[in-house]
Amino acid sequence: MTSSVRRLAYLDHAATTPMRESAIAAMAPYLAEHYANPSGSHRSSRMARTAIDEARDDVADVLGCAPGEVVFTSGGTEGDNAAVFGAVRRHGGVAVCSAVEHHAVLHCVEHLHGEVVAADRFGLIDIAALKQTLERVAQRGERVAVVSVMAVNNEVGTITPMRDVARVVRGSAEHAVFHSDAVQAACWLDVRDIVAVTDVVSFSAHKFGGPKGMGVMVVKKGVTLEPLIMGGGQERDRRSGTSNVAGIVATAAALRETVTTREAEVVRVAELKRLLIEGICSQLPDVLETVPGLGTTETRPSARNIASTVPGVAHLCFADVESEALLFLLDEAGVCASAASACASGAMEPSHVLRAMGVPSRFAKGALRLSLGHTTTRDDVAHAVTAAVASVRRLRTTQ
Amino acid sequence: MKVLVAMSGGVDSSVAAAELRREGHDVVGVTMRLWGGESDTGCCSVSDVDDARRVAQQLRIDHLVFNFSEDFSTHVVDPYVDAHRAGTTPNPCIECNRHLKFDRLSQRARLLGFDAVATGHHARIERQPSGVWRVARGADAAKDQSYVVHMLNQRELAYTLFPVGHLTKVQVRERARELGLRTASKPDSQDVCFISKTGGRETFLGHRIPFRSARVVDESGKELGTVDAVEMITVGQRRGLRLPGGAPKQFVLDVDTERQTVVVGEESRLSRNDLHVGWVSWSHEPLPIGSEVMVQTSAHGATQPALLEEVDTNSVVVRWREAQRRVAPGQSVVFYDVTDRLVLAGGIAS
């Protein structure tokens with residue numbers, strides 16, 4: 001079926017981005033000629049070691065931290081796990097996160113019987129509730145080990161005002177490790193602002209044009225975490241395992257390009273997102289722009305209530321349509337998109353984010369995330385608008 | 001034709017997909033995710049989905065997963081629990097076919113523009129010279145599943161394909177082996193998919209309904225003992241009643257969950273001349289009173305001849321040619337034609 005598709009519009013950048021050519025080019029030599037283990041003591045190793053050190057300096061420069069604060073990991077999930085488990089195992093105490101966190105944080109906190117703080121209808125952590133939770137833990141005579149709040153929501157794209165959250169965390173749980181899953185932030189926000197107000201931050205390379213299986217964790221000086229993976233003591237004993245030289249080099253290259261082109265990309269992609277949302281919403285009734293913000297022309301909430309979302313995520317909910325059916329028709333039309341997170345079997349699970357936001361089930365069942373990125377074009381958007389409108393109409397009339 | 005084939009990860013549906021592909025259809029495989037809870041059999045475990053996906057990849061067809069777990073809870077699991085609470089004996093596989101495979105999935109398939117839905121059931125769908133569609137027994141008498149797909153009506157029959165119905169199970173496995181499918185020697189699924197082997201039915205129900213003890217009495221009302229969970233007792237049951245041994249053997253004649261009473265007696269007391277069937281669905285039109293039918297009352301039980309004595313829209317009373325053992329209320333009852341080959345109707349024993 002997919003073979004008959006003539007045109008492919010890839011609008012699933014929040015799931016993964018196509019690798020940047022600079023990243024592919026950067027990693028190639030370290031897969032072929034420079035294959036040595038960087039921990040060795042011979043000339044081949046030194047060459048690999050140099051590449052990692054340079055990459056680390058580069059990443060630190062971009063993220064606004066010291067090279068010694070950069071830890072290369074296997075991805076966002078590892079960074080999230082390392083932060084939550086690492087803090088609780090080292091310091092003891094309660095793990096706290098928001099109800100809209102990625103499962104890589106949420107499942108860790110739930111596993112540790114931690115506290116999950118409610119979110120509002122925009123998919124933002126309820127800051128007043130966070131304060132209450134932190135105070136309640138303190139009143140119980142317990143210590144908060146870690147507070148984890150995502151910088152950008154991976155499903156609906158809402159941007160968390162990290163400075164405001166940081167103020168509450170520092171004020172009500174001063175000894176807590178403050179972690180942020182910034183996996184969806186790298187392409188759209190100045191991540192130095194996030195790094196500046198947190199203790200630990202997780203990034204994932206394949207969300208910004210790098211390779212899968214690579215991540216960056218920033219662990220600020222003086223912050224101690226029990227390592228998740230022990231062994232040869234790589235990454236200053238914070239993450240053992242032979243360094244993925246090619247992956248590290250490619251990650252640095254992708255991150256550098258992302259940051260260099262960010263300002264222009266934010267403007268370009270925001271316009272594409274506006275066209276996408278307006279194109280669909282103007283042609284179909286009963287569509288909910290899940291986080292009303294940029295790009296809505298009708299039902300605009302009072303300015304004070306507008307949450308900001310990243311340009312890369314357009315999340316819509318179609319009443320009386322089922323996501324699985326919609327995704328099938330979009331796929332048939334050559335549009336790659338997604339709904340909520342998929343479970344191990346590949347089935348769509350009802351979204352915990354939409355539930356936490358209180359999206360009515362009539363709409364939540366018809367969730368669609370179209371996510372844009374560095375390869376997205378106007379043609380992609382036009383194609384997606386046509387396909388989405390046709391698919392939703394068809395699903396609504398045949399029922 | 002554009003066909004959506006339900007692939008459970010078992011050998012029958014694997015070969016069903018292969019047959020359709022061989023016939024040149026435009027085939028898409030789908031595995032339904034039905035149960036999120038603990039389970040070790042059936043189509044919901046990740047390893048079964050893996051098997052279905054690998055087979056689809058081998059056959060070069062697309063594979064999807066549809067999450068119908070909410071519908072499954074509503075239409076299969078909850079009624080299963082309710083039936084036990086009410087002291088009847090449900091058949092969840094039939095309810096799954098009725099509500100999930102041939103309703104929810106078919107609806108989704110129509111919505112997505114498919115021309116037919118296929119499954120790996122061992123049954124055949126035949127069009128009579130009159131134009132009427134009928135379910136016929138599968139080619140492999142020992143594996144025939146016409147009983148569990150009896151509920152299909154004309155519209156559904158015209159939209160459904162059973163590509164392995166003309167094959168024996170041995171032939172199905174042979175085809176799977178020839179194609180190198182990894183499901184070729186996978187054992188047949190048995191038991192209820194949402195109940196794990198380790199916990200069993202008792203643990204499953206115990207987590208969902210409060211078990212109530214019951215008095216075990218004979219037909220005169222004399223108390224013979226007690227059982228811990230009246231919800232676990234079925235009409236016709238002999239074991240697990242904790243009665244003193246010795247002849248004559250005692251069978252459950254009746255279960256009254258409200259009064260928490262189980263009536264037992266000799267086997268001969270289970271004998272009945274007629275059978276009342278409710279929730280009847282006719283595959284075409286209702287048959288006239290006096291029609292002779294062959295009646296099957298369990299998935300692999302023998303059929304017995306009977307006459308339709310009363311026929312209502314949704315209920316039927318049949319008179320057995322020879323007296324038969326009482327059918328536990330809740331069990332599915334399927335009527336075949338006199339040749340015992342074509343399904344005419346089915347319902348639930350009351």
# chains A, B, ... in the order shown; residues from 1 in each chain; ligands from 1
$ select_by_dssp --residues "segment 58-113 of chain B" --states "strand (DSSP E)" --output "PyMOL selection string"
chain B and resi 62-67
$ residues_around --residues "Glu101 of chain A" --least-positions-apart "5" --cutoff "10 Å" --atoms "only C-alpha atoms" --output "ChimeraX atom specification"
/A:106-107,116-117,119,123-125,148-155,180-181,352-353
$ residues_around --residues "segment 268-270 of chain B" --least-positions-apart "5" --cutoff "9 Å" --atoms "only C-alpha atoms" --output "MDAnalysis selection string"
chainID B and resid 235:236 251:253 324:327
$ residues_around --residues "Ala87 of chain A" --least-positions-apart "3" --cutoff "12 Å" --atoms "only C-alpha atoms" --output "PyMOL selection string"
chain A and resi 79-84+90-96+108-109+112+143-148+175-179+199-200+219+223-228
$ write_last_selection --atoms "C-alpha atoms" --output "mmCIF file, in the first residue's frame"
data_model
loop_
_atom_site.group_PDB
_atom_site.id
_atom_site.type_symbol
_atom_site.label_atom_id
_atom_site.label_comp_id
_atom_site.auth_asym_id
_atom_site.auth_seq_id
_atom_site.Cartn_x
_atom_site.Cartn_y
_atom_site.Cartn_z
ATOM 1 C CA GLY A 79 19.010 10.922 30.888
ATOM 2 C CA ASP A 80 15.548 11.010 32.471
ATOM 3 C CA ASN A 81 16.069 7.701 34.257
ATOM 4 C CA ALA A 82 19.544 8.679 35.382
ATOM 5 C CA ALA A 83 18.276 11.943 36.846
ATOM 6 C CA VAL A 84 15.282 10.536 38.725
ATOM 7 C CA ARG A 90 22.120 9.050 46.053
ATOM 8 C CA HIS A 91 20.170 11.349 48.345
ATOM 9 C CA GLY A 92 17.074 9.418 49.353
ATOM 10 C CA GLY A 93 13.689 11.066 49.470
ATOM 11 C CA VAL A 94 10.727 11.668 47.239
ATOM 12 C CA ALA A 95 10.694 12.061 43.457
ATOM 13 C CA VAL A 96 8.260 14.653 42.097
ATOM 14 C CA CYS A 108 10.341 6.278 37.019
ATOM 15 C CA VAL A 109 8.552 8.533 39.491
ATOM 16 C CA LEU A 112 9.509 5.090 43.119
ATOM 17 C CA ARG A 143 13.132 15.305 51.731
ATOM 18 C CA VAL A 144 12.420 15.951 48.068
ATOM 19 C CA ALA A 145 15.144 14.132 46.145
ATOM 20 C CA VAL A 146 14.316 15.346 42.675
ATOM 21 C CA VAL A 147 11.782 17.505 40.867
ATOM 22 C CA SER A 148 11.480 16.758 37.168
ATOM 23 C CA HIS A 175 18.042 20.540 48.439
ATOM 24 C CA ALA A 176 16.157 18.859 45.614
ATOM 25 C CA VAL A 177 17.847 18.096 42.321
ATOM 26 C CA PHE A 178 15.903 20.066 39.715
ATOM 27 C CA HIS A 179 15.807 18.123 36.456
ATOM 28 C CA ASP A 199 20.634 21.130 37.962
ATOM 29 C CA VAL A 200 20.268 18.364 35.414
ATOM 30 C CA VAL A 219 24.884 17.586 35.239
ATOM 31 C CA VAL A 223 25.230 17.932 41.684
ATOM 32 C CA THR A 224 25.710 14.289 42.512
ATOM 33 C CA LEU A 225 23.709 11.424 41.092
ATOM 34 C CA GLU A 226 24.173 7.732 41.676
ATOM 35 C CA PRO A 227 25.159 6.385 38.249
ATOM 36 C CA LEU A 228 22.629 4.204 36.489
#
$ residues_around --residues "Met294 of chain B" --least-positions-apart "6" --cutoff "7 Å" --atoms "only C-alpha atoms" --output "list in words"
Thr303, Gln304, Pro305, Ala306, Phe335, Tyr336, Asp337, Val338 and Asp340 of chain B
$ write_last_selection --atoms "N, CA and C atoms" --output "PDB file, in the first residue's frame"
ATOM      1  N   THR B 303     -23.687 -32.783  17.677  1.00  0.00           N
ATOM      2  CA  THR B 303     -25.008 -32.166  17.503  1.00  0.00           C
ATOM      3  C   THR B 303     -26.090 -33.213  17.703  1.00  0.00           C
ATOM      4  N   GLN B 304     -27.262 -32.733  18.068  1.00  0.00           N
ATOM      5  CA  GLN B 304     -28.406 -33.599  18.291  1.00  0.00           C
ATOM      6  C   GLN B 304     -29.598 -33.031  17.534  1.00  0.00           C
ATOM      7  N   PRO B 305     -30.444 -33.915  16.981  1.00  0.00           N
ATOM      8  CA  PRO B 305     -31.607 -33.417  16.249  1.00  0.00           C
ATOM      9  C   PRO B 305     -32.697 -32.898  17.180  1.00  0.00           C
ATOM     10  N   ALA B 306     -33.423 -31.909  16.704  1.00  0.00           N
ATOM     11  CA  ALA B 306     -34.523 -31.336  17.489  1.00  0.00           C
ATOM     12  C   ALA B 306     -35.499 -30.645  16.542  1.00  0.00           C
ATOM     13  N   PHE B 335     -27.860 -23.645  15.816  1.00  0.00           N
ATOM     14  CA  PHE B 335     -28.735 -24.492  15.000  1.00  0.00           C
ATOM     15  C   PHE B 335     -28.148 -24.654  13.612  1.00  0.00           C
ATOM     16  N   TYR B 336     -28.003 -25.915  13.199  1.00  0.00           N
ATOM     17  CA  TYR B 336     -27.529 -26.227  11.850  1.00  0.00           C
ATOM     18  C   TYR B 336     -28.691 -26.829  11.061  1.00  0.00           C
ATOM     19  N   ASP B 337     -28.524 -26.890   9.738  1.00  0.00           N
ATOM     20  CA  ASP B 337     -29.556 -27.529   8.914  1.00  0.00           C
ATOM     21  C   ASP B 337     -29.516 -29.046   9.141  1.00  0.00           C
ATOM     22  N   VAL B 338     -30.444 -29.766   8.549  1.00  0.00           N
ATOM     23  CA  VAL B 338     -30.541 -31.211   8.814  1.00  0.00           C
ATOM     24  C   VAL B 338     -29.300 -31.971   8.364  1.00  0.00           C
ATOM     25  N   ASP B 340     -26.475 -30.960   8.959  1.00  0.00           N
ATOM     26  CA  ASP B 340     -25.496 -30.630   9.989  1.00  0.00           C
ATOM     27  C   ASP B 340     -24.274 -29.924   9.398  1.00  0.00           C
TER      28      ASP B 340
END
$ residues_around --residues "Leu157 of chain B" --least-positions-apart "3" --cutoff "9 Å" --atoms "only C-alpha atoms" --output "list in words"
Ile125, Glu126, Trp133, Arg134, Val135, Leu152, Asn153, Gln154, Thr160, Leu161 and Ser283 of chain B
$ write_last_selection --atoms "C-alpha atoms" --output "mmCIF file, in the first residue's frame"
data_model
loop_
_atom_site.group_PDB
_atom_site.id
_atom_site.type_symbol
_atom_site.label_atom_id
_atom_site.label_comp_id
_atom_site.auth_asym_id
_atom_site.auth_seq_id
_atom_site.Cartn_x
_atom_site.Cartn_y
_atom_site.Cartn_z
ATOM 1 C CA ILE B 125 -18.809 -18.958 3.916
ATOM 2 C CA GLU B 126 -20.988 -20.182 1.070
ATOM 3 C CA TRP B 133 -25.091 -16.497 2.500
ATOM 4 C CA ARG B 134 -24.427 -19.228 5.033
ATOM 5 C CA VAL B 135 -21.630 -20.216 7.358
ATOM 6 C CA LEU B 152 -22.842 -13.529 11.310
ATOM 7 C CA ASN B 153 -25.813 -12.087 9.446
ATOM 8 C CA GLN B 154 -26.211 -11.612 5.699
ATOM 9 C CA THR B 160 -16.223 -11.650 5.576
ATOM 10 C CA LEU B 161 -13.681 -14.157 4.280
ATOM 11 C CA SER B 283 -28.236 -15.822 9.708
#
$ residues_around --residues "Val335 of chain A" --least-positions-apart "6" --cutoff "9 Å" --atoms "only C-alpha atoms" --output "ChimeraX atom specification"
/A:7-11,327,329,380,383-384,387-388
$ write_last_selection --atoms "C-alpha atoms" --output "CSV table (one decimal), in the first residue's frame"
chain,number,residue,atom,x,y,z
A,7,ARG,CA,4.4,11.9,-2.3
A,8,LEU,CA,5.6,11.6,1.3
A,9,ALA,CA,5.1,14.4,3.8
A,10,TYR,CA,7.0,13.5,6.9
A,11,LEU,CA,5.3,15.4,9.8
A,327,LEU,CA,-3.6,7.9,10.9
A,329,LEU,CA,-5.9,7.2,6.0
A,380,ASP,CA,4.5,19.1,2.9
A,383,HIS,CA,-0.2,18.1,1.2
A,384,ALA,CA,-1.0,17.4,4.9
A,387,ALA,CA,-5.0,14.8,3.2
A,388,ALA,CA,-6.2,15.6,6.8
$ atom_distance --atom1 "atom CA of Ser351 of chain A" --atom2 "atom CA of Val100 of chain A"
9.4 Å
$ interface_residues --of "chain B" --to "chain A" --cutoff "12 Å" --atoms "only C-alpha atoms" --output "ChimeraX atom specification"
/B:2-4,9,25-36,43-53,60-70,104-105,107-114
$ atom_distance --atom1 "atom CA of Val389 of chain A" --atom2 "atom CA of Ile280 of chain A"
6.1 Å
